[in-house]
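Okay, structure first, notes after.
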Amino acid sequence: MTSLSYTLVITGAPWASQAPQSALSFARETLAAGHQIDRVFLYGDGVLLASALATPPSDEPHWPRLWAGFLGQHQLPAAVCIASALRRGVIDDTERARYELPASNLLAPYSIAGLGEWVEGNLKSDRVLYFHGSN
Amino acid sequence: MRTLVVVDQAPYGNWTGREALDMVFSLAAFDQPAALLFLGTGVNWLRAGQNPEAIGQKSLEKNLAAAPVFGVSDIYACETSCRRFGLDAAGLAGNVTLAQSVLALINTYDQVVFAG
């Protein structure tokens with residue numbers, strides 16, 4: 001079997017779309033099938049998946065934590081788009097200081113990056129797969 | 001690697017089209033050939049004379065006009081969609097090429113990205 005490398009782009013928000021769940025199911029099966037995930041890039045509303053402050057009721061799946069756990073377990077690089085994140089209030093310590101904000105909330109292991117990270121994914125991965133919300 | 005970014009949603013109702021524009025500009029900034037295709041209700045992006053100040057948004061027409069500055073010179077609109085929305089050449093903003101066959105256009109690109 002030929003092994004493929006993937007960049008996954010998630011643009012749908014948790015609890016507003018199915019995108020994060022679909023992406024997680026795909027990511028698990030992809031690794032299980034012997035393929036590789038180069039990076040995960042959150043864009044648009046998808047950046048809300050990287051909020052450390054999301055607090056769903058305790059009997060509901062916690063998609064941000066499930067995703068973060070999966071990324072950590074497999075040591076996968078994951079970034080949120082800086083422009084998307086700042087607009088939607090997903091902030092790391094650097095941006096908190098830069099804009100003198102009262103708090104930061106970027107969930108580990110995500111980092112904040114520019115769209116260049118996505119461009120690089122386009123160039124390096126065999127496939128770039130998008131998980132959109134349903135606007 | 002040549003990329004075609006497709007915008008198939010009407011302007012102003014959500015942010016996905018704007019973010020698609022950022023994607024195409026970003027590809028161009030990294031010297032990756034990129035083009036835009038407006039399709040379905042997305043062709044309304046190209047309507048001349050947009051005046052969205054009253055709803056607190058910036059003009060997408062102006063954003064699009066900046067495309068050549070960012071290195072994106074190929075902007076296409078699906079001809080069938082334009083006809084559906086009553087848009088003719090005179091009603092289109094900027095330098096837009098009408099695509100008679102979306103399939104033929106898509107086939108000339110290495111990858112196609114939908115805005116969301």
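Here, A, B, ... name the chains of the structure tokens in the order displayed, residue numbers run from 1 inside each chain, and ligands are numbered from 1 in the same displayed order.
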
Worksheet entry | Proximal residues of chain A relative to chain B (only C-alpha atoms; 7 Å) as a count of residues only | 7

Worksheet item: Which residues, written as JSON, numbers by chain, have at least one atom at most 12 Å from Leu66 (chain A), with only C-alpha atoms counted and residues fewer than 4 positions away on the same chain left out?
Response: {"A": [14, 20, 21, 23, 24, 25, 28, 49, 50, 52, 60, 61, 62, 70, 71, 72, 73, 107, 108]}

Please dump the current selection as a short mmCIF file (atom, residue, chain, number, x, y, z; two decimals), in the first residue's frame; keep C-alpha atoms.
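What follows is the written file selection-v2.cif:
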```cif
data_model
loop_
_atom_site.label_atom_id
_atom_site.label_comp_id
_atom_site.auth_asym_id
_atom_site.auth_seq_id
_atom_site.Cartn_x
_atom_site.Cartn_y
_atom_site.Cartn_z
CA PRO A 14 -17.34 22.83 17.22
CA PRO A 20 -14.19 18.85 14.01
CA GLN A 21 -15.78 15.44 14.66
CA ALA A 23 -11.95 15.52 10.88
CA LEU A 24 -11.07 13.62 14.07
CA SER A 25 -12.66 10.41 12.81
CA ARG A 28 -7.76 8.46 13.55
CA LEU A 49 -11.58 24.28 18.37
CA ALA A 50 -8.42 25.67 19.98
CA ALA A 52 -9.13 26.36 26.18
CA GLU A 60 -21.29 15.90 25.98
CA PRO A 61 -18.06 15.12 24.12
CA HIS A 62 -15.46 17.82 24.65
CA PHE A 70 -5.17 13.20 19.82
CA LEU A 71 -2.60 15.76 18.64
CA GLY A 72 -0.51 15.27 21.77
CA GLN A 73 -0.69 11.49 21.66
CA LEU A 107 -5.19 25.38 24.01
CA ALA A 108 -1.95 23.32 23.93
#
```

Residues within 10 Å of region 94-98 of chain B, only C-alpha atoms, excluding chain neighbours under 2 positions, as a PDB file with N, CA and C atoms, in the first residue's frame:
```pdb
ATOM      1  N   LEU B  36      -9.067  32.882  -8.740  1.00  0.00           N
ATOM      2  CA  LEU B  36     -10.363  32.848  -8.066  1.00  0.00           C
ATOM      3  C   LEU B  36     -11.453  32.511  -9.065  1.00  0.00           C
ATOM      4  N   LEU B  37     -12.382  31.678  -8.622  1.00  0.00           N
ATOM      5  CA  LEU B  37     -13.574  31.411  -9.431  1.00  0.00           C
ATOM      6  C   LEU B  37     -14.816  31.684  -8.583  1.00  0.00           C
ATOM      7  N   PHE B  38     -15.684  32.541  -9.090  1.00  0.00           N
ATOM      8  CA  PHE B  38     -16.955  32.814  -8.417  1.00  0.00           C
ATOM      9  C   PHE B  38     -18.056  32.028  -9.106  1.00  0.00           C
ATOM     10  N   LEU B  46     -19.168  40.013  -7.405  1.00  0.00           N
ATOM     11  CA  LEU B  46     -18.595  40.762  -8.521  1.00  0.00           C
ATOM     12  C   LEU B  46     -19.498  41.898  -8.995  1.00  0.00           C
ATOM     13  N   ARG B  47     -20.604  42.084  -8.320  1.00  0.00           N
ATOM     14  CA  ARG B  47     -21.546  43.127  -8.704  1.00  0.00           C
ATOM     15  C   ARG B  47     -20.898  44.504  -8.530  1.00  0.00           C
ATOM     16  N   ALA B  48     -20.990  45.333  -9.572  1.00  0.00           N
ATOM     17  CA  ALA B  48     -20.394  46.673  -9.496  1.00  0.00           C
ATOM     18  C   ALA B  48     -21.265  47.583  -8.631  1.00  0.00           C
ATOM     19  N   GLU B  61     -15.863  44.658  -3.108  1.00  0.00           N
ATOM     20  CA  GLU B  61     -15.473  45.107  -4.444  1.00  0.00           C
ATOM     21  C   GLU B  61     -14.077  45.735  -4.374  1.00  0.00           C
ATOM     22  N   LYS B  62     -13.852  46.527  -3.312  1.00  0.00           N
ATOM     23  CA  LYS B  62     -12.527  47.157  -3.145  1.00  0.00           C
ATOM     24  C   LYS B  62     -11.465  46.102  -2.851  1.00  0.00           C
ATOM     25  N   LEU B  64     -11.443  43.056  -3.798  1.00  0.00           N
ATOM     26  CA  LEU B  64     -11.179  42.342  -5.049  1.00  0.00           C
ATOM     27  C   LEU B  64     -10.349  43.183  -6.014  1.00  0.00           C
ATOM     28  N   ALA B  65     -10.621  44.491  -5.996  1.00  0.00           N
ATOM     29  CA  ALA B  65      -9.884  45.378  -6.893  1.00  0.00           C
ATOM     30  C   ALA B  65      -8.392  45.338  -6.577  1.00  0.00           C
ATOM     31  N   ALA B  66      -8.047  44.983  -5.326  1.00  0.00           N
ATOM     32  CA  ALA B  66      -6.645  44.935  -4.927  1.00  0.00           C
ATOM     33  C   ALA B  66      -5.961  43.639  -5.354  1.00  0.00           C
ATOM     34  N   ALA B  67      -6.731  42.701  -5.889  1.00  0.00           N
ATOM     35  CA  ALA B  67      -6.166  41.388  -6.221  1.00  0.00           C
ATOM     36  C   ALA B  67      -4.912  41.453  -7.109  1.00  0.00           C
ATOM     37  N   PRO B  68      -4.921  42.255  -8.184  1.00  0.00           N
ATOM     38  CA  PRO B  68      -3.727  42.308  -9.031  1.00  0.00           C
ATOM     39  C   PRO B  68      -2.486  42.792  -8.273  1.00  0.00           C
ATOM     40  N   SER B  73      -4.130  37.760 -10.725  1.00  0.00           N
ATOM     41  CA  SER B  73      -4.700  38.471 -11.879  1.00  0.00           C
ATOM     42  C   SER B  73      -5.822  37.686 -12.553  1.00  0.00           C
ATOM     43  N   ASP B  74      -5.910  36.394 -12.253  1.00  0.00           N
ATOM     44  CA  ASP B  74      -6.941  35.585 -12.902  1.00  0.00           C
ATOM     45  C   ASP B  74      -8.178  35.461 -12.016  1.00  0.00           C
ATOM     46  N   ILE B  75      -9.228  36.176 -12.409  1.00  0.00           N
ATOM     47  CA  ILE B  75     -10.499  36.115 -11.679  1.00  0.00           C
ATOM     48  C   ILE B  75     -11.586  35.687 -12.660  1.00  0.00           C
ATOM     49  N   TYR B  76     -12.231  34.585 -12.326  1.00  0.00           N
ATOM     50  CA  TYR B  76     -13.238  34.024 -13.221  1.00  0.00           C
ATOM     51  C   TYR B  76     -14.615  34.043 -12.572  1.00  0.00           C
ATOM     52  N   ALA B  77     -15.623  34.148 -13.419  1.00  0.00           N
ATOM     53  CA  ALA B  77     -17.008  34.006 -12.962  1.00  0.00           C
ATOM     54  C   ALA B  77     -17.703  32.995 -13.866  1.00  0.00           C
ATOM     55  N   CYS B  78     -18.498  32.142 -13.248  1.00  0.00           N
ATOM     56  CA  CYS B  78     -19.268  31.171 -14.026  1.00  0.00           C
ATOM     57  C   CYS B  78     -20.339  31.925 -14.818  1.00  0.00           C
ATOM     58  N   GLU B  79     -20.304  31.760 -16.121  1.00  0.00           N
ATOM     59  CA  GLU B  79     -21.212  32.516 -16.986  1.00  0.00           C
ATOM     60  C   GLU B  79     -22.683  32.152 -16.712  1.00  0.00           C
ATOM     61  N   THR B  80     -22.944  30.886 -16.523  1.00  0.00           N
ATOM     62  CA  THR B  80     -24.321  30.437 -16.260  1.00  0.00           C
ATOM     63  C   THR B  80     -24.853  31.066 -14.977  1.00  0.00           C
ATOM     64  N   SER B  81     -23.996  31.095 -13.925  1.00  0.00           N
ATOM     65  CA  SER B  81     -24.414  31.695 -12.652  1.00  0.00           C
ATOM     66  C   SER B  81     -24.687  33.182 -12.832  1.00  0.00           C
ATOM     67  N   CYS B  82     -23.842  33.860 -13.595  1.00  0.00           N
ATOM     68  CA  CYS B  82     -24.031  35.299 -13.831  1.00  0.00           C
ATOM     69  C   CYS B  82     -25.385  35.549 -14.489  1.00  0.00           C
ATOM     70  N   ASP B  88     -24.576  40.961 -16.278  1.00  0.00           N
ATOM     71  CA  ASP B  88     -23.903  40.909 -17.573  1.00  0.00           C
ATOM     72  C   ASP B  88     -22.554  41.623 -17.443  1.00  0.00           C
ATOM     73  N   ALA B  89     -21.803  41.663 -18.536  1.00  0.00           N
ATOM     74  CA  ALA B  89     -20.453  42.232 -18.509  1.00  0.00           C
ATOM     75  C   ALA B  89     -20.460  43.645 -17.931  1.00  0.00           C
ATOM     76  N   GLY B  91     -22.404  44.897 -15.691  1.00  0.00           N
ATOM     77  CA  GLY B  91     -22.693  44.932 -14.262  1.00  0.00           C
ATOM     78  C   GLY B  91     -21.597  44.325 -13.401  1.00  0.00           C
ATOM     79  N   LEU B  92     -20.550  43.817 -14.048  1.00  0.00           N
ATOM     80  CA  LEU B  92     -19.472  43.161 -13.311  1.00  0.00           C
ATOM     81  C   LEU B  92     -18.359  44.146 -12.971  1.00  0.00           C
ATOM     82  N   GLN B 100     -17.200  29.758 -19.527  1.00  0.00           N
ATOM     83  CA  GLN B 100     -18.359  29.056 -20.102  1.00  0.00           C
ATOM     84  C   GLN B 100     -18.478  27.651 -19.528  1.00  0.00           C
ATOM     85  N   SER B 101     -17.326  27.024 -19.292  1.00  0.00           N
ATOM     86  CA  SER B 101     -17.333  25.688 -18.708  1.00  0.00           C
ATOM     87  C   SER B 101     -16.487  25.658 -17.437  1.00  0.00           C
ATOM     88  N   VAL B 102     -17.176  25.509 -16.299  1.00  0.00           N
ATOM     89  CA  VAL B 102     -16.465  25.440 -15.017  1.00  0.00           C
ATOM     90  C   VAL B 102     -15.576  24.203 -14.988  1.00  0.00           C
TER      91      VAL B 102
END
```

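For the set A:Val80, A:Ala68, A:Leu101, A:Val9, the residue with the smallest atom-to-atom gap to Gly121 (chain A) is A:Val9, counting only C-alpha atoms.
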
Name the residues of chain A that fall into helix (DSSP H, G or I) according to DSSP on the backbone, using the chain letters and numbers of this document, as a CSV table (one decimal) with C-alpha atoms, in the first residue's frame.
```csv
chain,number,residue,atom,x,y,z
A,19,ALA,CA,-16.4,19.5,10.9
A,20,PRO,CA,-14.2,18.9,14.0
A,21,GLN,CA,-15.8,15.4,14.7
A,22,SER,CA,-15.5,14.4,11.0
A,23,ALA,CA,-11.9,15.5,10.9
A,24,LEU,CA,-11.1,13.6,14.1
A,25,SER,CA,-12.7,10.4,12.8
A,26,PHE,CA,-10.8,10.8,9.5
A,27,ALA,CA,-7.5,11.5,11.3
A,28,ARG,CA,-7.8,8.5,13.6
A,29,GLU,CA,-8.5,6.1,10.6
A,30,THR,CA,-5.8,7.7,8.5
A,31,LEU,CA,-3.1,7.0,11.0
A,32,ALA,CA,-4.6,3.5,11.7
A,44,GLY,CA,-12.0,30.6,10.0
A,45,ASP,CA,-14.5,29.4,12.6
A,46,GLY,CA,-12.4,26.3,13.0
A,47,VAL,CA,-10.1,28.2,15.3
A,48,LEU,CA,-12.7,27.9,18.1
A,49,LEU,CA,-11.6,24.3,18.4
A,50,ALA,CA,-8.4,25.7,20.0
A,63,TRP,CA,-14.2,18.3,21.1
A,64,PRO,CA,-11.4,20.7,21.8
A,65,ARG,CA,-9.9,18.4,24.5
A,66,LEU,CA,-10.5,15.3,22.4
A,67,TRP,CA,-8.6,16.9,19.5
A,68,ALA,CA,-5.9,18.3,21.7
A,69,GLY,CA,-5.4,14.8,23.2
A,70,PHE,CA,-5.2,13.2,19.8
A,71,LEU,CA,-2.6,15.8,18.6
A,72,GLY,CA,-0.5,15.3,21.8
A,73,GLN,CA,-0.7,11.5,21.7
A,74,HIS,CA,0.6,11.4,18.1
A,82,ILE,CA,-3.5,34.2,13.3
A,83,ALA,CA,-6.0,36.5,11.5
A,84,SER,CA,-8.9,34.1,12.1
A,85,ALA,CA,-7.9,33.5,15.7
A,86,LEU,CA,-7.5,37.2,16.7
A,87,ARG,CA,-10.9,38.1,15.3
A,93,ASP,CA,0.4,34.8,25.5
A,94,THR,CA,2.4,36.8,22.8
A,95,GLU,CA,-0.8,38.3,21.3
A,96,ARG,CA,-2.3,38.9,24.8
A,97,ALA,CA,0.8,41.0,25.6
A,98,ARG,CA,0.9,42.7,22.2
A,116,GLY,CA,2.1,30.5,5.1
A,117,GLU,CA,1.8,27.4,7.2
A,118,TRP,CA,-1.2,26.4,5.1
A,119,VAL,CA,0.7,27.2,1.9
A,120,GLU,CA,3.5,25.0,3.1
A,121,GLY,CA,1.0,22.2,3.7
A,122,ASN,CA,-0.2,22.6,0.1
A,123,LEU,CA,3.4,22.2,-1.1
A,124,LYS,CA,4.6,19.4,1.1
```

Discussion item. Let's see if you can do this: from backbone DSSP, list all strand (DSSP E) residues in region 36-96 of chain B, as a PyMOL selection string.
Written reply: chain B and resi 36-38+75-78

Worksheet item: Quick one: residues within 8 Å of Phe85 (chain B), only C-alpha atoms counted, chain neighbours fewer than 6 positions away excluded, as a PyMOL selection string?
Response: chain B and resi 41+43-44

Those selected residues, please, written with N, CA and C atoms and delivered as a PDB file, in the first residue's frame.
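Result file is result_26.pdb:
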```
ATOM      1  N   THR B  41     -24.264  31.552  -6.101  1.00  0.00           N
ATOM      2  CA  THR B  41     -24.582  32.858  -5.502  1.00  0.00           C
ATOM      3  C   THR B  41     -23.311  33.682  -5.282  1.00  0.00           C
ATOM      4  N   VAL B  43     -21.265  34.687  -7.383  1.00  0.00           N
ATOM      5  CA  VAL B  43     -21.021  35.701  -8.426  1.00  0.00           C
ATOM      6  C   VAL B  43     -21.470  37.095  -7.978  1.00  0.00           C
ATOM      7  N   ASN B  44     -22.327  37.155  -6.960  1.00  0.00           N
ATOM      8  CA  ASN B  44     -22.764  38.469  -6.475  1.00  0.00           C
ATOM      9  C   ASN B  44     -21.636  39.281  -5.845  1.00  0.00           C
TER      10      ASN B  44
END
```

Worksheet entry | Exercise: Ser51 (chain A) partners within 7 Å, only C-alpha atoms, chain neighbours under 4 positions left out, as a ChimeraX atom specification | /A:90,105-107

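We find CA of Gly42 (chain B) and CA of Arg84 (chain B) to be spaced 11.6 Å apart.
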